[in-house]
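See below for the structure under consideration.
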Amino acid sequence: MSTAWCQTAFHGVVSVVEVPRGAPTHLRDNRAPTHRRLRLRTAAPLRPRPRARRTRRRTLLRFVFILRRPLGRFDPECRPAQSWLVLASLCPACAGDVLDTATPCSVVNYLRWDLSAQQIEVLTKELIEQTKHVYDKVGSQKFEDVSYESTLKALADVEVSYTVQRNILDFPQHVSPAKDIRSASTEADKKLSEFDVEMSMRQDVYQRIVWLQEKVEKDSLRPEAQRYLERLIKLGRRNGLHLPKETQEKIKSIKKKLSLLCIDFNKNLNEDTTFLPFTREELGGLPEDFLNSLEKTVDDKLKVTLKYPHYFPLLKKCHVPETRRKVEEAFNCRCKEENCAILKELVALRAQKSSLLGFRTHADYVLEMNMAKTSQAVATFLDELAQKLKPLGEQERAVILELKKAECARRGLAFDGRIHAWDMRYYMNQVEETRFRVDQNLLKEYFPMQVVTRGLLGIYQELLGLTFHLEEGATVWHEDVRLYSVRDAASGEVIGKFYLDLYPREGKYGHAACFGLQPGCLRQDGSRQIAIAAMVANFTKPTPDAPSLLQHDEVETYFHEFGHVMHQLCSQAEFAMFSGTHVERDFVEAPSQMLENWVWEKEPLLRMSQHYRTGSAVPQELLDKLIKSRQANTGLFNLRQIVLAKVDQALHTQTDADPAKEYARLCQEILGVPATPGTNMPATFGHLAGGYDAQYYGYLWSEVYSMDMFHTRFKQEGVLNRKVGMDYRSTILRPGGSEDASAMLKLFLGRDPRQDAFLLSKGLQVEGSEPPSC
Ligand SMILES: [Zn+2]
């Protein structure tokens with residue numbers, strides 16, 4: 001509601017705006033860049049309010065503002081619910097501007113990749129000593145000396161330098177081509193993780209922060225500093241620093257064990273070198289370029305490893321069931337003995353720690369910090385979705401069973417009337433190829449890596465108002481790696497850099513992921529540090545006869561992970577703790593999932609494809625089929641995601657759940673396809689030890705938001721619409737974790753999020769909505 005307009009001595013405009021409690025806190029701040037607050041809660045409404053509105057008074061704050069520039073778009077008659085959005089749209093922290101232009105920027109890349117194993121060891125020790133020194137200083141000061149500078153700022157500053165140095169030491173474990181460096185880096189990670197636990201359990205530091213909170217006047221801190229303060233106290237309580245010393249000691253020792261176990265769990269998987277030898281006949285159905293890329297054994301058999309670029313194509317295309325069975329079984333038996341033992345210990349220790357902290361289950365402990373809040377909310381979400389998807393899954397299963405029957409008859413194989421785990425991907429792929437008639441082998445010829453990269457980078461640059469520049473001759477950790485610098489197109493200012501490390505090699509991290517390496521935040525001297533991230537993936541390698549040709553799902557992964565890179569680079573938080581993807585874990589996937597939509601839309605697809613030999617565009621017909629095939633196997637694919645999410649929830653809500661048994665039970669119950677006897681999928685489930693404990697549901701949960709954002713804005717206003725892209729950059733990417741996800745979403749959507757677009761995208765009916773047209 002806007003009631004009074006007048007020019008003031010401040011050359012501003014006085015206005016009354018109603019701000020709901022869910023709005024970003026800095027909009028209520030007295031030193032917000034767009035406005036100055038005159039007073040809080042006007043004593044009485046400036047004009048009589050209709051009865052219905054009066055009931056909302058509790059949730060609305062009414063502010064009088066002096067706006068620093070006239071609100072050209074501000075419509076005096078606009079509805080109160082919108083008026084704060086208009087105000088927000090003028091606020092650089094919310095929308096409009098995407099850069100923190102008030103702060104000088106430091107474009108230095110502080111990272112280095114030339115350390116020897118020995119240097120890693122020495123520097124780890126030094127880093128621990130230097131950082132501990134700061135904590136000691138903060139923790140030993142007299143209470144009367146405690147100030148913002150001596151406590152919060154000191155901790156924030158050391159966090160910036162520590163994060164960068166830590167990444168230099170622990171990132172090589174995932175990517176270094178040298179085994180001794182990987183081992184030294186893993187050792188460094190273990191030492192630093194133990195040190196992290198020590199520092200997180202510093203009661204002396206915690207007590208000074210609590211003291212500061214009691215002492216400091218709330219309005220004297222900038223909103224993000226206030227959030228930082230509150231977060232540190234929350235984290236302190238979540239570590240039990242308010243509990244008796246004895247309990248704290250127990251928690252500390254559990255935390256240390258947990259971090260070591262997690263490192264070992266994933267290291268075992270990364271370092272797994274299992275391979276299976278097969279003859280060419282046993283690999284029937286796989287394309288020539290795939291077979292030619294395989295190494296040979298001494299007796300001239302072909303080596304199939306269990307890395308993604310071997311595993312997925314084989315399960316999809318090999319028409320010899322016995323080969324698929326062997327590979328699927330080996331894949332789900334990776335590190336079975338050692339990781340099974342680790343997992344058992346992990347789950348028990350997590351439950352013990354959560355109980356010491358007063359939580360019923362580990363899931364409840366974890367979820368307190370997420371959008372979902374409780375394990376009950378997660379269970380309801382997953383159960384309802386499973387229920388809705390069940391009929392679709394049954395239909396799809398019947399279809400693939402028919403395909404299997406037909407194939408068995410064609411190839412003269414015995415038909416056992418069942419779908420096995422090793423049949424799933426094979427027949428799901430057949431559904432795409434026969435029902436949707438998408439020939440993946442033909443399609444990939446249009447996705448050479450270079451063309452995809454050029455198209456993808458082009459789309460991101462245009463959409464988000466950025467320019468990328470390849471840095472020739474940059475120092476990197478392997479010859480495959482490229483480094484790009486990123487500028488804001490409008491101002492020309494460098495905002496960050498990213499590394500692309502796209503092909504598999506021995507000992508390298510086995511999945512696709514984005515690693516934040518240098519947080520974009522303020523440094524000790526107040527200058528802004530540029531953000532640097534690395535995208536690490538395992539895409540199909542070039543062969544002597546063909547360049548790297550990407551499967552369409554690899555293109556999707558590329559878009560997804562690059563979305564995380566953009567999140568890291570575009571955020572303009574003040575504190576490292578809120579930089580980049582440091583948002584709620586069940587929201588963190590939403591920004592990159594939203595950007596996956598571009599690989600299912602005609603215009604972007606054409607921009608990132610070209611036949612590797614003829615240079616021709618993807619034929620219209622193939623393109624249409626591909627886009628339609630997005631609906632293929634939705635039921636089974638999502639039911640499998642629910643199985644994984646529920647295994648994760650079960651392990652972290654029940655005591656004594658047997659991982660392999662629980663997985664087998666859920667596969668049968670929800671997916672209707674049994675797990676292969678003797679396998680132990682949870683022992684290979686890296687997420688359980690990779691920071692996603694009790695949070696795997698987040699992939700589906702955040703899809704609700706990603707679909708809502710895409711359909712509400714981009715699909716309506718144009719998928720390559722620059723204005724929406726910039727809104728997206730400023731409202732969703734820019735804040736990092738400095739705002740609650742719910743507030744960012746509200747700002748971008750102009751309303752609270754809804755589930756409709758998500759359900760429609762899964763092929764489900766929503767009352768009052770049309771099915772999606774694709
Ligand atoms: Zn992701």
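Each chain of the structure tokens is named A, B, ... in the order shown, its residues numbered from 1; ligands are numbered from 1 in display order.
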
- Set the cut-off to 10 Å, count only C-alpha atoms and all ligand atoms, and list whatever residues fall near ligand 1 as a ChimeraX atom specification. /A:512-514,557,559-565,588-593,699

- Tell me, in Å to one decimal, how far CA of Ser259 in chain A is from CA of Leu688 in chain A. 12.2 Å

- Query: A:Lys388, A:His687, A:Arg487, A:Lys296: which is nearest Val766 in chain A, counting only C-alpha atoms?
  - Reply: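 Comparing A:Lys388, A:His687, A:Arg487, A:Lys296 against Val766 in chain A, the winner is A:Lys388.
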
- Message: Considering only C-alpha atoms, can you say which of A:Leu720, A:Val122, A:Leu229, A:Ala632 comes closest to Arg437 in chain A?
- Response: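 Closest residue, counting only C-alpha atoms: A:Ala632.
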
- Message: Show me, as a PyMOL selection string, the residues that have an atom within 9 Å of Tyr228 in chain A when counting only C-alpha atoms, minus same-chain residues fewer than 6 positions from it.
- Response: chain A and resi 152+156+575+577-578+738

File of the preceding selection, C-alpha atoms, as a short mmCIF file (atom, residue, chain, number, x, y, z; two decimals), in the first residue's frame:
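Printed below is out-v8.cif as written:
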```cif
data_model
loop_
_atom_site.label_atom_id
_atom_site.label_comp_id
_atom_site.auth_asym_id
_atom_site.auth_seq_id
_atom_site.Cartn_x
_atom_site.Cartn_y
_atom_site.Cartn_z
CA LEU A 152 32.72 -11.94 14.37
CA ALA A 156 34.88 -14.32 9.25
CA PHE A 575 30.56 -13.80 4.30
CA MET A 577 29.67 -18.90 5.04
CA PHE A 578 26.90 -17.60 2.78
CA SER A 738 22.53 -14.71 2.74
#
```

- Message: Excluding Gln551 in chain A and its own-chain neighbours fewer than 5 positions away, which residues fall within 12 Å of it when counting only C-alpha atoms? Please give them as an MDAnalysis selection string.
- Response: chainID A and resid 309 312:313 316 438:449 452 539:541 556:558 599 609 626

Those selected residues, please, written with N, CA and C atoms and delivered as a PDB file, in the first residue's frame.
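selection_17.pdb was written with the following content:
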```pdb
ATOM      1  N   PRO A 309      31.464 -43.795 -17.660  1.00  0.00           N
ATOM      2  CA  PRO A 309      31.444 -43.863 -19.132  1.00  0.00           C
ATOM      3  C   PRO A 309      31.468 -45.299 -19.669  1.00  0.00           C
ATOM      4  N   PHE A 312      27.299 -47.015 -17.691  1.00  0.00           N
ATOM      5  CA  PHE A 312      25.984 -46.623 -18.204  1.00  0.00           C
ATOM      6  C   PHE A 312      25.750 -47.039 -19.661  1.00  0.00           C
ATOM      7  N   PRO A 313      26.702 -46.764 -20.573  1.00  0.00           N
ATOM      8  CA  PRO A 313      26.448 -47.205 -21.957  1.00  0.00           C
ATOM      9  C   PRO A 313      26.260 -48.727 -22.049  1.00  0.00           C
ATOM     10  N   LYS A 316      22.883 -49.818 -20.874  1.00  0.00           N
ATOM     11  CA  LYS A 316      21.832 -49.345 -21.779  1.00  0.00           C
ATOM     12  C   LYS A 316      21.819 -50.109 -23.097  1.00  0.00           C
ATOM     13  N   VAL A 438      14.013 -42.401 -30.331  1.00  0.00           N
ATOM     14  CA  VAL A 438      15.218 -41.576 -30.273  1.00  0.00           C
ATOM     15  C   VAL A 438      16.417 -42.515 -30.343  1.00  0.00           C
ATOM     16  N   ASP A 439      17.186 -42.428 -31.402  1.00  0.00           N
ATOM     17  CA  ASP A 439      18.373 -43.273 -31.521  1.00  0.00           C
ATOM     18  C   ASP A 439      19.539 -42.529 -30.854  1.00  0.00           C
ATOM     19  N   GLN A 440      19.860 -42.987 -29.627  1.00  0.00           N
ATOM     20  CA  GLN A 440      20.877 -42.265 -28.844  1.00  0.00           C
ATOM     21  C   GLN A 440      22.244 -42.272 -29.526  1.00  0.00           C
ATOM     22  N   ASN A 441      22.555 -43.383 -30.230  1.00  0.00           N
ATOM     23  CA  ASN A 441      23.853 -43.443 -30.899  1.00  0.00           C
ATOM     24  C   ASN A 441      23.948 -42.469 -32.057  1.00  0.00           C
ATOM     25  N   LEU A 442      22.817 -42.285 -32.730  1.00  0.00           N
ATOM     26  CA  LEU A 442      22.794 -41.316 -33.824  1.00  0.00           C
ATOM     27  C   LEU A 442      22.812 -39.895 -33.240  1.00  0.00           C
ATOM     28  N   LEU A 443      22.016 -39.738 -32.209  1.00  0.00           N
ATOM     29  CA  LEU A 443      21.891 -38.409 -31.604  1.00  0.00           C
ATOM     30  C   LEU A 443      23.237 -37.875 -31.119  1.00  0.00           C
ATOM     31  N   LYS A 444      24.027 -38.753 -30.504  1.00  0.00           N
ATOM     32  CA  LYS A 444      25.270 -38.266 -29.900  1.00  0.00           C
ATOM     33  C   LYS A 444      26.253 -37.730 -30.956  1.00  0.00           C
ATOM     34  N   GLU A 445      26.057 -38.140 -32.209  1.00  0.00           N
ATOM     35  CA  GLU A 445      26.933 -37.616 -33.262  1.00  0.00           C
ATOM     36  C   GLU A 445      26.743 -36.115 -33.458  1.00  0.00           C
ATOM     37  N   TYR A 446      25.624 -35.610 -32.933  1.00  0.00           N
ATOM     38  CA  TYR A 446      25.357 -34.162 -33.030  1.00  0.00           C
ATOM     39  C   TYR A 446      25.855 -33.402 -31.799  1.00  0.00           C
ATOM     40  N   PHE A 447      26.390 -34.154 -30.845  1.00  0.00           N
ATOM     41  CA  PHE A 447      26.842 -33.484 -29.624  1.00  0.00           C
ATOM     42  C   PHE A 447      28.338 -33.666 -29.385  1.00  0.00           C
ATOM     43  N   PRO A 448      29.183 -33.195 -30.320  1.00  0.00           N
ATOM     44  CA  PRO A 448      30.611 -33.245 -30.008  1.00  0.00           C
ATOM     45  C   PRO A 448      30.906 -32.271 -28.874  1.00  0.00           C
ATOM     46  N   MET A 449      31.799 -32.679 -28.000  1.00  0.00           N
ATOM     47  CA  MET A 449      32.107 -31.891 -26.807  1.00  0.00           C
ATOM     48  C   MET A 449      32.350 -30.405 -27.094  1.00  0.00           C
ATOM     49  N   VAL A 452      29.098 -28.592 -27.946  1.00  0.00           N
ATOM     50  CA  VAL A 452      28.253 -28.481 -26.755  1.00  0.00           C
ATOM     51  C   VAL A 452      28.815 -27.404 -25.827  1.00  0.00           C
ATOM     52  N   PHE A 539      33.049 -37.334 -18.698  1.00  0.00           N
ATOM     53  CA  PHE A 539      32.355 -37.504 -19.966  1.00  0.00           C
ATOM     54  C   PHE A 539      33.151 -38.405 -20.903  1.00  0.00           C
ATOM     55  N   THR A 540      32.446 -38.906 -21.918  1.00  0.00           N
ATOM     56  CA  THR A 540      33.069 -39.783 -22.904  1.00  0.00           C
ATOM     57  C   THR A 540      34.302 -39.122 -23.513  1.00  0.00           C
ATOM     58  N   LYS A 541      35.389 -39.878 -23.554  1.00  0.00           N
ATOM     59  CA  LYS A 541      36.655 -39.327 -24.079  1.00  0.00           C
ATOM     60  C   LYS A 541      36.709 -39.397 -25.604  1.00  0.00           C
ATOM     61  N   GLU A 556      22.931 -33.073 -20.412  1.00  0.00           N
ATOM     62  CA  GLU A 556      22.089 -32.612 -19.300  1.00  0.00           C
ATOM     63  C   GLU A 556      22.921 -32.450 -18.023  1.00  0.00           C
ATOM     64  N   THR A 557      23.779 -33.445 -17.772  1.00  0.00           N
ATOM     65  CA  THR A 557      24.659 -33.358 -16.595  1.00  0.00           C
ATOM     66  C   THR A 557      25.570 -32.128 -16.691  1.00  0.00           C
ATOM     67  N   TYR A 558      26.069 -31.893 -17.885  1.00  0.00           N
ATOM     68  CA  TYR A 558      26.948 -30.736 -18.139  1.00  0.00           C
ATOM     69  C   TYR A 558      26.207 -29.446 -17.749  1.00  0.00           C
ATOM     70  N   VAL A 599      18.243 -28.148 -22.011  1.00  0.00           N
ATOM     71  CA  VAL A 599      18.605 -29.232 -22.927  1.00  0.00           C
ATOM     72  C   VAL A 599      17.366 -29.975 -23.427  1.00  0.00           C
ATOM     73  N   SER A 609      24.446 -28.008 -30.755  1.00  0.00           N
ATOM     74  CA  SER A 609      24.622 -29.267 -31.481  1.00  0.00           C
ATOM     75  C   SER A 609      25.002 -29.010 -32.935  1.00  0.00           C
ATOM     76  N   LEU A 626      13.227 -36.256 -29.528  1.00  0.00           N
ATOM     77  CA  LEU A 626      14.017 -36.126 -28.302  1.00  0.00           C
ATOM     78  C   LEU A 626      13.224 -35.355 -27.248  1.00  0.00           C
TER      79      LEU A 626
END
```

- Task: For CA of Pro604 in chain A and CA of Val724 in chain A, quote the distance in Å rounded to one decimal.
- Result: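 Atom-to-atom, CA of Pro604 in chain A and CA of Val724 in chain A are spaced 15.6 Å apart.
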
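When DSSP reads the backbone of this structure, the residues of range 130-362 of chain A it assigns to strand (DSSP E) are Phe275, Leu276, Pro277, Phe278, Leu302, Lys303, Val304 and Thr305 of chain A.
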
- Within range 83-263 of chain A, find each residue whose DSSP state, derived from the backbone, is alpha helix (DSSP H), and express the selection as JSON, numbers by chain. {"A": [83, 84, 85, 86, 87, 88, 89, 90, 117, 118, 119, 120, 121, 122, 123, 124, 125, 126, 127, 128, 129, 130, 131, 132, 133, 134, 135, 136, 137, 138, 139, 140, 154, 155, 156, 157, 158, 159, 160, 161, 162, 163, 164, 165, 166, 167, 168, 169, 170, 172, 173, 174, 175, 179, 180, 181, 182, 183, 184, 185, 186, 187, 188, 189, 190, 191, 192, 193, 194, 195, 196, 197, 198, 199, 200, 203, 204, 205, 206, 207, 208, 209, 210, 211, 212, 213, 214, 215, 223, 224, 225, 226, 227, 228, 229, 230, 231, 232, 233, 234, 235, 236, 237, 238, 245, 246, 247, 248, 249, 250, 251, 252, 253, 254, 255, 256, 257, 258, 259, 260, 261, 262, 263]}

Export, as a tab-separated table (two decimals), in the first residue's frame, the selected residues with C-alpha atoms.
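Output file result.tsv is given in full below:
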```
chain	number	residue	atom	x	y	z
A	83	SER	CA	4.27	-3.30	-3.05
A	84	TRP	CA	7.17	-4.81	-1.13
A	85	LEU	CA	8.11	-6.77	-4.21
A	86	VAL	CA	8.33	-3.51	-6.12
A	87	LEU	CA	10.48	-2.08	-3.40
A	88	ALA	CA	12.58	-5.22	-3.45
A	89	SER	CA	12.96	-5.01	-7.20
A	90	LEU	CA	14.76	-1.71	-6.70
A	117	ALA	CA	53.16	-34.37	-1.48
A	118	GLN	CA	55.67	-33.15	1.07
A	119	GLN	CA	54.67	-29.50	0.68
A	120	ILE	CA	51.03	-30.47	1.20
A	121	GLU	CA	51.99	-32.06	4.50
A	122	VAL	CA	54.01	-29.07	5.69
A	123	LEU	CA	51.45	-26.48	4.61
A	124	THR	CA	48.64	-28.40	6.28
A	125	LYS	CA	50.46	-28.16	9.57
A	126	GLU	CA	51.12	-24.45	9.09
A	127	LEU	CA	47.52	-23.72	8.15
A	128	ILE	CA	46.29	-25.46	11.28
A	129	GLU	CA	48.68	-23.50	13.48
A	130	GLN	CA	47.85	-20.11	11.95
A	131	THR	CA	44.12	-20.67	12.12
A	132	LYS	CA	44.20	-22.03	15.64
A	133	HIS	CA	46.08	-18.91	16.69
A	134	VAL	CA	43.12	-16.74	15.62
A	135	TYR	CA	40.63	-18.94	17.48
A	136	ASP	CA	42.84	-18.82	20.57
A	137	LYS	CA	42.90	-15.04	20.41
A	138	VAL	CA	39.13	-14.77	20.03
A	139	GLY	CA	38.50	-17.34	22.74
A	140	SER	CA	40.86	-15.82	25.31
A	154	ALA	CA	38.07	-11.98	13.12
A	155	LEU	CA	36.31	-15.33	12.62
A	156	ALA	CA	34.88	-14.32	9.25
A	157	ASP	CA	38.29	-13.13	8.02
A	158	VAL	CA	40.09	-16.27	9.02
A	159	GLU	CA	37.33	-18.34	7.43
A	160	VAL	CA	38.06	-16.70	4.06
A	161	SER	CA	41.78	-17.43	4.02
A	162	TYR	CA	41.34	-20.84	5.65
A	163	THR	CA	38.77	-21.95	3.05
A	164	VAL	CA	41.03	-21.04	0.13
A	165	GLN	CA	44.12	-22.66	1.67
A	166	ARG	CA	42.17	-25.75	2.67
A	167	ASN	CA	40.90	-26.24	-0.88
A	168	ILE	CA	44.43	-25.96	-2.25
A	169	LEU	CA	45.39	-28.81	0.06
A	170	ASP	CA	42.36	-31.09	-0.10
A	172	PRO	CA	44.00	-32.58	-5.29
A	173	GLN	CA	42.75	-35.83	-3.71
A	174	HIS	CA	39.91	-35.74	-6.26
A	175	VAL	CA	41.78	-34.65	-9.36
A	179	LYS	CA	48.83	-40.99	-6.70
A	180	ASP	CA	51.27	-39.73	-4.05
A	181	ILE	CA	49.70	-36.26	-4.24
A	182	ARG	CA	46.21	-37.71	-4.03
A	183	SER	CA	47.23	-39.67	-0.94
A	184	ALA	CA	48.93	-36.67	0.67
A	185	SER	CA	45.83	-34.60	-0.07
A	186	THR	CA	43.53	-37.24	1.46
A	187	GLU	CA	45.75	-37.26	4.54
A	188	ALA	CA	45.61	-33.46	4.65
A	189	ASP	CA	41.82	-33.62	4.40
A	190	LYS	CA	41.71	-36.00	7.35
A	191	LYS	CA	43.91	-33.75	9.48
A	192	LEU	CA	41.97	-30.63	8.48
A	193	SER	CA	38.64	-32.33	9.10
A	194	GLU	CA	39.78	-33.23	12.56
A	195	PHE	CA	40.90	-29.65	13.05
A	196	ASP	CA	37.51	-28.41	11.78
A	197	VAL	CA	35.87	-30.48	14.47
A	198	GLU	CA	38.20	-29.04	17.12
A	199	MET	CA	37.41	-25.46	16.07
A	200	SER	CA	33.68	-26.07	15.80
A	203	GLN	CA	33.25	-23.34	23.80
A	204	ASP	CA	35.42	-20.34	24.68
A	205	VAL	CA	34.78	-18.85	21.26
A	206	TYR	CA	31.08	-19.73	21.41
A	207	GLN	CA	30.67	-18.03	24.78
A	208	ARG	CA	32.12	-14.80	23.39
A	209	ILE	CA	29.75	-14.87	20.45
A	210	VAL	CA	26.80	-15.39	22.79
A	211	TRP	CA	28.08	-12.51	24.88
A	212	LEU	CA	28.30	-10.34	21.77
A	213	GLN	CA	24.74	-11.17	20.82
A	214	GLU	CA	23.51	-10.12	24.22
A	215	LYS	CA	25.58	-6.96	24.21
A	223	PRO	CA	21.68	-7.70	8.06
A	224	GLU	CA	24.16	-10.27	6.78
A	225	ALA	CA	26.41	-9.79	9.80
A	226	GLN	CA	23.36	-10.30	12.00
A	227	ARG	CA	22.59	-13.50	10.09
A	228	TYR	CA	26.19	-14.61	10.54
A	229	LEU	CA	25.98	-14.02	14.25
A	230	GLU	CA	22.74	-15.94	14.56
A	231	ARG	CA	24.13	-18.78	12.44
A	232	LEU	CA	27.26	-19.14	14.56
A	233	ILE	CA	25.15	-19.40	17.69
A	234	LYS	CA	22.86	-21.91	16.06
A	235	LEU	CA	25.82	-24.00	14.93
A	236	GLY	CA	27.30	-23.79	18.42
A	237	ARG	CA	24.11	-25.19	19.91
A	238	ARG	CA	24.00	-27.86	17.21
A	245	LYS	CA	31.61	-30.49	29.14
A	246	GLU	CA	31.40	-34.28	29.32
A	247	THR	CA	28.70	-34.40	26.64
A	248	GLN	CA	30.71	-32.02	24.48
A	249	GLU	CA	33.70	-34.34	24.65
A	250	LYS	CA	31.56	-37.26	23.52
A	251	ILE	CA	30.18	-35.24	20.61
A	252	LYS	CA	33.63	-34.10	19.60
A	253	SER	CA	35.02	-37.60	19.48
A	254	ILE	CA	32.01	-38.82	17.43
A	255	LYS	CA	32.38	-35.94	14.98
A	256	LYS	CA	36.04	-36.73	14.43
A	257	LYS	CA	35.31	-40.38	13.76
A	258	LEU	CA	32.49	-39.45	11.40
A	259	SER	CA	34.60	-37.20	9.23
A	260	LEU	CA	37.33	-39.81	8.84
A	261	LEU	CA	34.82	-42.52	7.99
A	262	CYS	CA	33.21	-40.34	5.30
A	263	ILE	CA	36.55	-39.63	3.65
```

Between range 348-442 of chain A and range 742-765 of chain A, at 9 Å or less, what are the per-residue closest atom pairs and their distances in Å? Count only C-alpha atoms, order by chain and rising residue number, and return it as CSV.
```
residue,atom,partner,partner_atom,distance
A:Met371,CA,A:Ser742,CA,7.9
A:Leu385,CA,A:Leu759,CA,8.7
A:Lys388,CA,A:Leu764,CA,7.5
A:Leu389,CA,A:Leu764,CA,7.6
A:Leu392,CA,A:Gly763,CA,8.3
```

- So which residues touch Arg411 in chain A within 10 Å, counting only C-alpha atoms, skipping near sequence neighbours fewer than 5 positions away, as a list in words?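 Skipping anything fewer than 5 positions along the chain leaves His319, Val320 and Ala406 of chain A.
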
Written file, previous selection with C-alpha atoms, as a CSV table (one decimal), in the first residue's frame:
```csv
chain,number,residue,atom,x,y,z
A,319,HIS,CA,22.1,-57.0,-25.7
A,320,VAL,CA,23.7,-59.9,-23.9
A,406,ALA,CA,9.7,-59.6,-27.8
```
